[in-house]
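Report on the structure given below.
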Amino acid sequence: MEWKENSKCAVMFSFDLDSDTTWKNGNDGYPNGEKYIKSISIGQYGPKRAVERILNLLKKYNIKATFFVPGKVAEDNPELIKKIDEEGHEIGHHGYTHERFFDKTVEEQIEIIEKTQKIYKKIINKEAKGFRTPSGDWAIETPKLLYKRGFLYSSSMRGDDRPYNTIIENKKTNFIEIPTHWELDDYVAMAYNYFPEEPSGLDRISGYEQVLDNFTREFDGYYKYGLCFVPMMHPQVIGTPGHIQILEKLIKHILEKDDVWIATGSEIANWYIENGKEEK
Ligand SMILES: [Zn+2]
C-alpha cells in the first residue's frame, strides 16, 4: 500500500513498559505468589535501567516511538513518563495493572480506562490516543468503550499487516487498528525465568544472532510488500546490555532504506484516516 511521502513501508516502534505488572499478575496464580520477588524484579529492571538505554538509542537515530504504559507503572515512575513524553515519544494506554479486559464487566473496563487516563493527564497533561490490550484479548465491548472516549487507534490485533478501520456494531469507524504479530515480539523470543516458568518448559535462551535474523527477515518482508512493521518490544527484555544491540542492528538495517516512514501510532492512524485506502 502507499505511505506518507511515497514511502515504501511504515514502521511503528512500540515498547510495552509493563514493569513488574505482568509478573505480579502471573504470581497471583500461585499460593504465596507475592513472595516471588525475584520475578517481579525482572520487570522492575525495565523502568529502573532499560528505558534510559532505549531512549538514548532512539535519540541517537532520531526515532520517535510509542510506549504503552499501564497506569500503575506511570503512577510509580512519573519522572520517567515525563522524560519519555518530553523526548517526543507517544504514551499509549495499557490498562492499569496490565489486567485482562476479556473477563471484565463494562463498568470495570470503563473504570480502568478512565482511571489510567487521569494518571497520564496528571503527569504529562495529555490523555492517551492509542491502546494496546494487556494480557490477552479484549472484551467484545472494549473497542466501542475506547472509541467513545476519544481514542484514535489500537495496536492489539493480529489479523492484518496493514492498518484498518475497526468495525463497531456493524459500522466502519475511524478507530484504527494497527496490528502487530508475535514474531515481532521480543518477549516470546527472549524473556526467561525459572519460576514462574517463562517460557513454559524452559527450552531456550535464544541465540541473539538468530533473533536479529528473524526480526530482520520480517522487516525485509514488510518492506517488500509495502506493509506496516510494528516491533513489539519490552524494556525489561530488549533493554539488557546484550539484547539492545539486537535492536540497534535492526534499526540500522531499517535505516539503510531511504524510503521507510518511521512514525508513532497516532501519526500512522491519522495518516490512514486521511489517506488510507482499504485494500483487499
Ligand atoms: Zn504489556
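By order of appearance in the C-alpha cells: chains A, B, ..., then residues from 1 within every chain, and ligands from 1 in the order shown.
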
Could you list, with a cut-off of 9 Å and counting only C-alpha atoms and all ligand atoms, the residues of chain A near ligand 1, each shown with its nearest atom pair and the distance in Å rounded to one decimal, rows sorted by chain and ascending number, as CSV?
```
residue,atom,partner,partner_atom_place_in_ligand_line,distance
A:Phe15,CA,ligand 1,1 (Zn),8.6
A:Asp16,CA,ligand 1,1 (Zn),5.0
A:Leu17,CA,ligand 1,1 (Zn),6.7
A:Asp18,CA,ligand 1,1 (Zn),5.0
A:Ser19,CA,ligand 1,1 (Zn),8.6
A:Thr21,CA,ligand 1,1 (Zn),8.3
A:Thr22,CA,ligand 1,1 (Zn),7.0
A:Phe68,CA,ligand 1,1 (Zn),7.4
A:Val69,CA,ligand 1,1 (Zn),7.7
A:Pro70,CA,ligand 1,1 (Zn),7.7
A:His94,CA,ligand 1,1 (Zn),6.6
A:Gly95,CA,ligand 1,1 (Zn),8.7
A:His98,CA,ligand 1,1 (Zn),6.3
A:Arg132,CA,ligand 1,1 (Zn),7.8
A:Thr133,CA,ligand 1,1 (Zn),7.6
A:Pro134,CA,ligand 1,1 (Zn),4.9
A:Ser135,CA,ligand 1,1 (Zn),6.4
A:His234,CA,ligand 1,1 (Zn),7.6
```

Against stretch 51-66 of chain A, which residues of stretch 192-233 of chain A fall within 12 Å? For each one I want the closest pair of atoms and the distance in Å (one decimal), counting only C-alpha atoms, rows by chain and increasing residue number, as a tab-separated table.
```
residue	atom	partner	partner_atom	distance
A:Val230	CA	A:Thr66	CA	10.3
A:Pro231	CA	A:Ala65	CA	10.4
A:Met232	CA	A:Thr66	CA	9.9
A:Met233	CA	A:Thr66	CA	10.3
```

Hey, can you spit out that residue selection with all heavy atoms as an mmCIF file, in the first residue's frame?
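Output saved as result-v3.cif:
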```cif
data_model
loop_
_atom_site.group_PDB
_atom_site.id
_atom_site.type_symbol
_atom_site.label_atom_id
_atom_site.label_comp_id
_atom_site.auth_asym_id
_atom_site.auth_seq_id
_atom_site.Cartn_x
_atom_site.Cartn_y
_atom_site.Cartn_z
ATOM 1 N N VAL A 230 5.491 -3.437 12.914
ATOM 2 C CA VAL A 230 5.276 -2.961 14.293
ATOM 3 C C VAL A 230 6.020 -3.847 15.287
ATOM 4 O O VAL A 230 5.441 -4.765 15.888
ATOM 5 C CB VAL A 230 3.766 -2.920 14.647
ATOM 6 C CG1 VAL A 230 3.549 -2.274 16.014
ATOM 7 C CG2 VAL A 230 2.967 -2.167 13.591
ATOM 8 N N PRO A 231 7.343 -3.634 15.493
ATOM 9 C CA PRO A 231 8.038 -4.404 16.516
ATOM 10 C C PRO A 231 7.436 -4.115 17.892
ATOM 11 O O PRO A 231 7.134 -2.966 18.201
ATOM 12 C CB PRO A 231 9.484 -3.892 16.447
ATOM 13 C CG PRO A 231 9.557 -2.948 15.314
ATOM 14 C CD PRO A 231 8.188 -2.628 14.850
ATOM 15 N N MET A 232 7.215 -5.166 18.657
ATOM 16 C CA MET A 232 6.564 -5.059 19.972
ATOM 17 C C MET A 232 7.611 -5.448 21.024
ATOM 18 O O MET A 232 7.874 -6.620 21.245
ATOM 19 C CB MET A 232 5.367 -6.003 19.998
ATOM 20 C CG MET A 232 4.586 -5.978 21.274
ATOM 21 S SD MET A 232 3.036 -6.928 21.200
ATOM 22 C CE MET A 232 3.362 -8.273 20.093
ATOM 23 N N MET A 233 8.236 -4.435 21.617
ATOM 24 C CA MET A 233 9.377 -4.669 22.494
ATOM 25 C C MET A 233 9.024 -4.347 23.943
ATOM 26 O O MET A 233 8.146 -3.523 24.194
ATOM 27 C CB MET A 233 10.551 -3.787 22.057
ATOM 28 C CG MET A 233 10.936 -3.932 20.596
ATOM 29 S SD MET A 233 12.034 -5.330 20.361
ATOM 30 C CE MET A 233 11.894 -5.667 18.621
#
```

Quiz prompt | alpha helix (DSSP H) per DSSP on the backbone: members of stretch 13-195 of chain A, as a PyMOL selection string | solution = chain A and resi 21-27+37-45+51-60+71-76+78-86+106-124+142-148+186-190

Put those residues in a file: C-alpha atoms, as a PDB file, in the first residue's frame.
```
ATOM      1  CA  THR A  21       2.759  -5.814  36.452  1.00  0.00           C
ATOM      2  CA  THR A  22       2.841  -8.922  34.264  1.00  0.00           C
ATOM      3  CA  TRP A  23       4.921 -10.847  36.813  1.00  0.00           C
ATOM      4  CA  LYS A  24       2.673  -9.783  39.698  1.00  0.00           C
ATOM      5  CA  ASN A  25      -0.374 -10.913  37.745  1.00  0.00           C
ATOM      6  CA  GLY A  26       1.317 -14.230  36.958  1.00  0.00           C
ATOM      7  CA  ASN A  27       2.430 -14.767  40.550  1.00  0.00           C
ATOM      8  CA  ILE A  37      10.060 -11.194  44.370  1.00  0.00           C
ATOM      9  CA  LYS A  38      12.808 -12.258  42.009  1.00  0.00           C
ATOM     10  CA  SER A  39      10.448 -12.498  39.053  1.00  0.00           C
ATOM     11  CA  ILE A  40       8.995  -9.114  39.999  1.00  0.00           C
ATOM     12  CA  SER A  41      12.481  -7.645  39.939  1.00  0.00           C
ATOM     13  CA  ILE A  42      12.886  -8.797  36.304  1.00  0.00           C
ATOM     14  CA  GLY A  43      10.068  -6.444  35.404  1.00  0.00           C
ATOM     15  CA  GLN A  44      11.384  -3.613  37.541  1.00  0.00           C
ATOM     16  CA  TYR A  45      14.585  -3.691  35.528  1.00  0.00           C
ATOM     17  CA  VAL A  51      14.215   2.646  29.426  1.00  0.00           C
ATOM     18  CA  GLU A  52      17.076   5.114  29.708  1.00  0.00           C
ATOM     19  CA  ARG A  53      19.181   2.916  27.424  1.00  0.00           C
ATOM     20  CA  ILE A  54      16.349   2.653  24.913  1.00  0.00           C
ATOM     21  CA  LEU A  55      15.712   6.411  24.973  1.00  0.00           C
ATOM     22  CA  ASN A  56      19.385   7.062  24.270  1.00  0.00           C
ATOM     23  CA  LEU A  57      19.305   4.661  21.332  1.00  0.00           C
ATOM     24  CA  LEU A  58      16.159   6.238  19.884  1.00  0.00           C
ATOM     25  CA  LYS A  59      17.713   9.687  20.268  1.00  0.00           C
ATOM     26  CA  LYS A  60      20.891   8.555  18.512  1.00  0.00           C
ATOM     27  CA  GLY A  71      -1.462   3.342  34.711  1.00  0.00           C
ATOM     28  CA  LYS A  72       0.149   1.856  37.813  1.00  0.00           C
ATOM     29  CA  VAL A  73       3.592   1.893  36.174  1.00  0.00           C
ATOM     30  CA  ALA A  74       3.094   5.552  35.207  1.00  0.00           C
ATOM     31  CA  GLU A  75       1.985   6.340  38.758  1.00  0.00           C
ATOM     32  CA  ASP A  76       5.108   4.654  40.170  1.00  0.00           C
ATOM     33  CA  PRO A  78       6.186   9.787  36.927  1.00  0.00           C
ATOM     34  CA  GLU A  79       9.577  11.339  36.141  1.00  0.00           C
ATOM     35  CA  LEU A  80      10.366   8.611  33.628  1.00  0.00           C
ATOM     36  CA  ILE A  81       6.999   9.047  31.907  1.00  0.00           C
ATOM     37  CA  LYS A  82       7.611  12.794  31.715  1.00  0.00           C
ATOM     38  CA  LYS A  83      11.005  12.166  30.170  1.00  0.00           C
ATOM     39  CA  ILE A  84       9.595   9.765  27.553  1.00  0.00           C
ATOM     40  CA  ASP A  85       6.978  12.384  26.676  1.00  0.00           C
ATOM     41  CA  GLU A  86       9.453  15.272  26.637  1.00  0.00           C
ATOM     42  CA  VAL A 106     -18.296  -2.974  31.058  1.00  0.00           C
ATOM     43  CA  GLU A 107     -18.204  -0.939  34.278  1.00  0.00           C
ATOM     44  CA  GLU A 108     -14.863  -2.422  35.301  1.00  0.00           C
ATOM     45  CA  GLN A 109     -13.373  -1.706  31.874  1.00  0.00           C
ATOM     46  CA  ILE A 110     -14.575   1.899  31.971  1.00  0.00           C
ATOM     47  CA  GLU A 111     -13.059   2.331  35.411  1.00  0.00           C
ATOM     48  CA  ILE A 112      -9.655   1.022  34.252  1.00  0.00           C
ATOM     49  CA  ILE A 113      -9.698   3.138  31.074  1.00  0.00           C
ATOM     50  CA  GLU A 114     -10.716   6.376  32.792  1.00  0.00           C
ATOM     51  CA  LYS A 115      -8.613   5.977  35.929  1.00  0.00           C
ATOM     52  CA  THR A 116      -5.486   5.452  33.817  1.00  0.00           C
ATOM     53  CA  GLN A 117      -6.274   8.399  31.517  1.00  0.00           C
ATOM     54  CA  LYS A 118      -6.429  10.633  34.623  1.00  0.00           C
ATOM     55  CA  ILE A 119      -2.970   9.431  35.674  1.00  0.00           C
ATOM     56  CA  TYR A 120      -1.435  10.309  32.280  1.00  0.00           C
ATOM     57  CA  LYS A 121      -3.235  13.651  32.339  1.00  0.00           C
ATOM     58  CA  LYS A 122      -1.814  14.444  35.745  1.00  0.00           C
ATOM     59  CA  ILE A 123       1.760  13.520  34.767  1.00  0.00           C
ATOM     60  CA  ILE A 124       2.097  14.728  31.148  1.00  0.00           C
ATOM     61  CA  THR A 142     -13.795  -2.721  24.551  1.00  0.00           C
ATOM     62  CA  PRO A 143     -13.305  -1.016  21.139  1.00  0.00           C
ATOM     63  CA  LYS A 144     -16.604   0.836  21.485  1.00  0.00           C
ATOM     64  CA  LEU A 145     -15.692   2.000  25.010  1.00  0.00           C
ATOM     65  CA  LEU A 146     -12.357   3.302  23.733  1.00  0.00           C
ATOM     66  CA  TYR A 147     -13.748   4.926  20.583  1.00  0.00           C
ATOM     67  CA  LYS A 148     -16.476   6.705  22.573  1.00  0.00           C
ATOM     68  CA  ASP A 186      10.941  -9.715  21.960  1.00  0.00           C
ATOM     69  CA  TYR A 187       9.162 -11.349  24.907  1.00  0.00           C
ATOM     70  CA  VAL A 188       8.338 -14.593  23.132  1.00  0.00           C
ATOM     71  CA  ALA A 189      11.822 -14.641  21.626  1.00  0.00           C
ATOM     72  CA  MET A 190      13.934 -13.841  24.664  1.00  0.00           C
TER      73      MET A 190
END
```

Quiz prompt | Option closest in space to A:Gly46, from A:Val237, A:Cys228, A:Phe175, A:Phe102 [counting only C-alpha atoms] | solution =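 Smallest distance to A:Gly46 is found for A:Val237.
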
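Closest to A:Ile254 among A:Gly221, A:Gly276, A:Pro163, A:Gly242 is A:Gly221, based on only C-alpha atoms.
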
Exercise. Would you mind listing what lies within 10 Å of A:Tyr225 as an MDAnalysis selection string, with only C-alpha atoms counted and same-chain residues fewer than 6 positions away left out?
Key: chainID A and resid 1 8:9 161 219

Now that the selection is made, can you save its residues with N, CA, C and O atoms as an mmCIF file, in the first residue's frame?
```cif
data_model
loop_
_atom_site.group_PDB
_atom_site.id
_atom_site.type_symbol
_atom_site.label_atom_id
_atom_site.label_comp_id
_atom_site.auth_asym_id
_atom_site.auth_seq_id
_atom_site.Cartn_x
_atom_site.Cartn_y
_atom_site.Cartn_z
ATOM 1 N N MET A 1 0.838 -1.204 0.000
ATOM 2 C CA MET A 1 0.000 0.000 0.000
ATOM 3 C C MET A 1 0.871 1.252 0.000
ATOM 4 O O MET A 1 2.078 1.177 0.199
ATOM 5 N N LYS A 8 7.899 3.412 1.019
ATOM 6 C CA LYS A 8 7.536 2.055 0.603
ATOM 7 C C LYS A 8 6.880 1.277 1.741
ATOM 8 O O LYS A 8 6.026 0.428 1.519
ATOM 9 N N CYS A 9 7.300 1.546 2.981
ATOM 10 C CA CYS A 9 6.637 0.873 4.088
ATOM 11 C C CYS A 9 6.699 1.741 5.340
ATOM 12 O O CYS A 9 7.409 2.743 5.382
ATOM 13 N N ASP A 161 -1.521 -7.020 8.282
ATOM 14 C CA ASP A 161 -0.190 -6.436 8.446
ATOM 15 C C ASP A 161 -0.203 -5.017 7.903
ATOM 16 O O ASP A 161 0.817 -4.474 7.530
ATOM 17 N N PHE A 219 11.254 -7.723 8.740
ATOM 18 C CA PHE A 219 11.248 -6.367 8.183
ATOM 19 C C PHE A 219 11.384 -6.414 6.665
ATOM 20 O O PHE A 219 10.663 -5.719 5.940
#
```

Quiz prompt | Straight-line distance linking atom CA of A:Glu5 with atom CA of A:Trp271, stated in Å to one decimal | solution = 10.8 Å

Practice problem: Work out how far atom CA of A:Leu247 is from atom CA of A:Tyr194, in Å to one decimal. | Solution: 24.8 Å

Quiz prompt | Polymer residues at most 12 Å from A:Arg204, only C-alpha atoms, same-chain spacing of 2 or more positions, as an NGL selection string | solution = :A and (188-194 or 197-202 or 206-208)

Self-check item: Straight-line distance linking atom CA of A:Ile178 with atom CA of A:Gly265, stated in Å to one decimal
Solution: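 Interatomic distance here is 7.6 Å.
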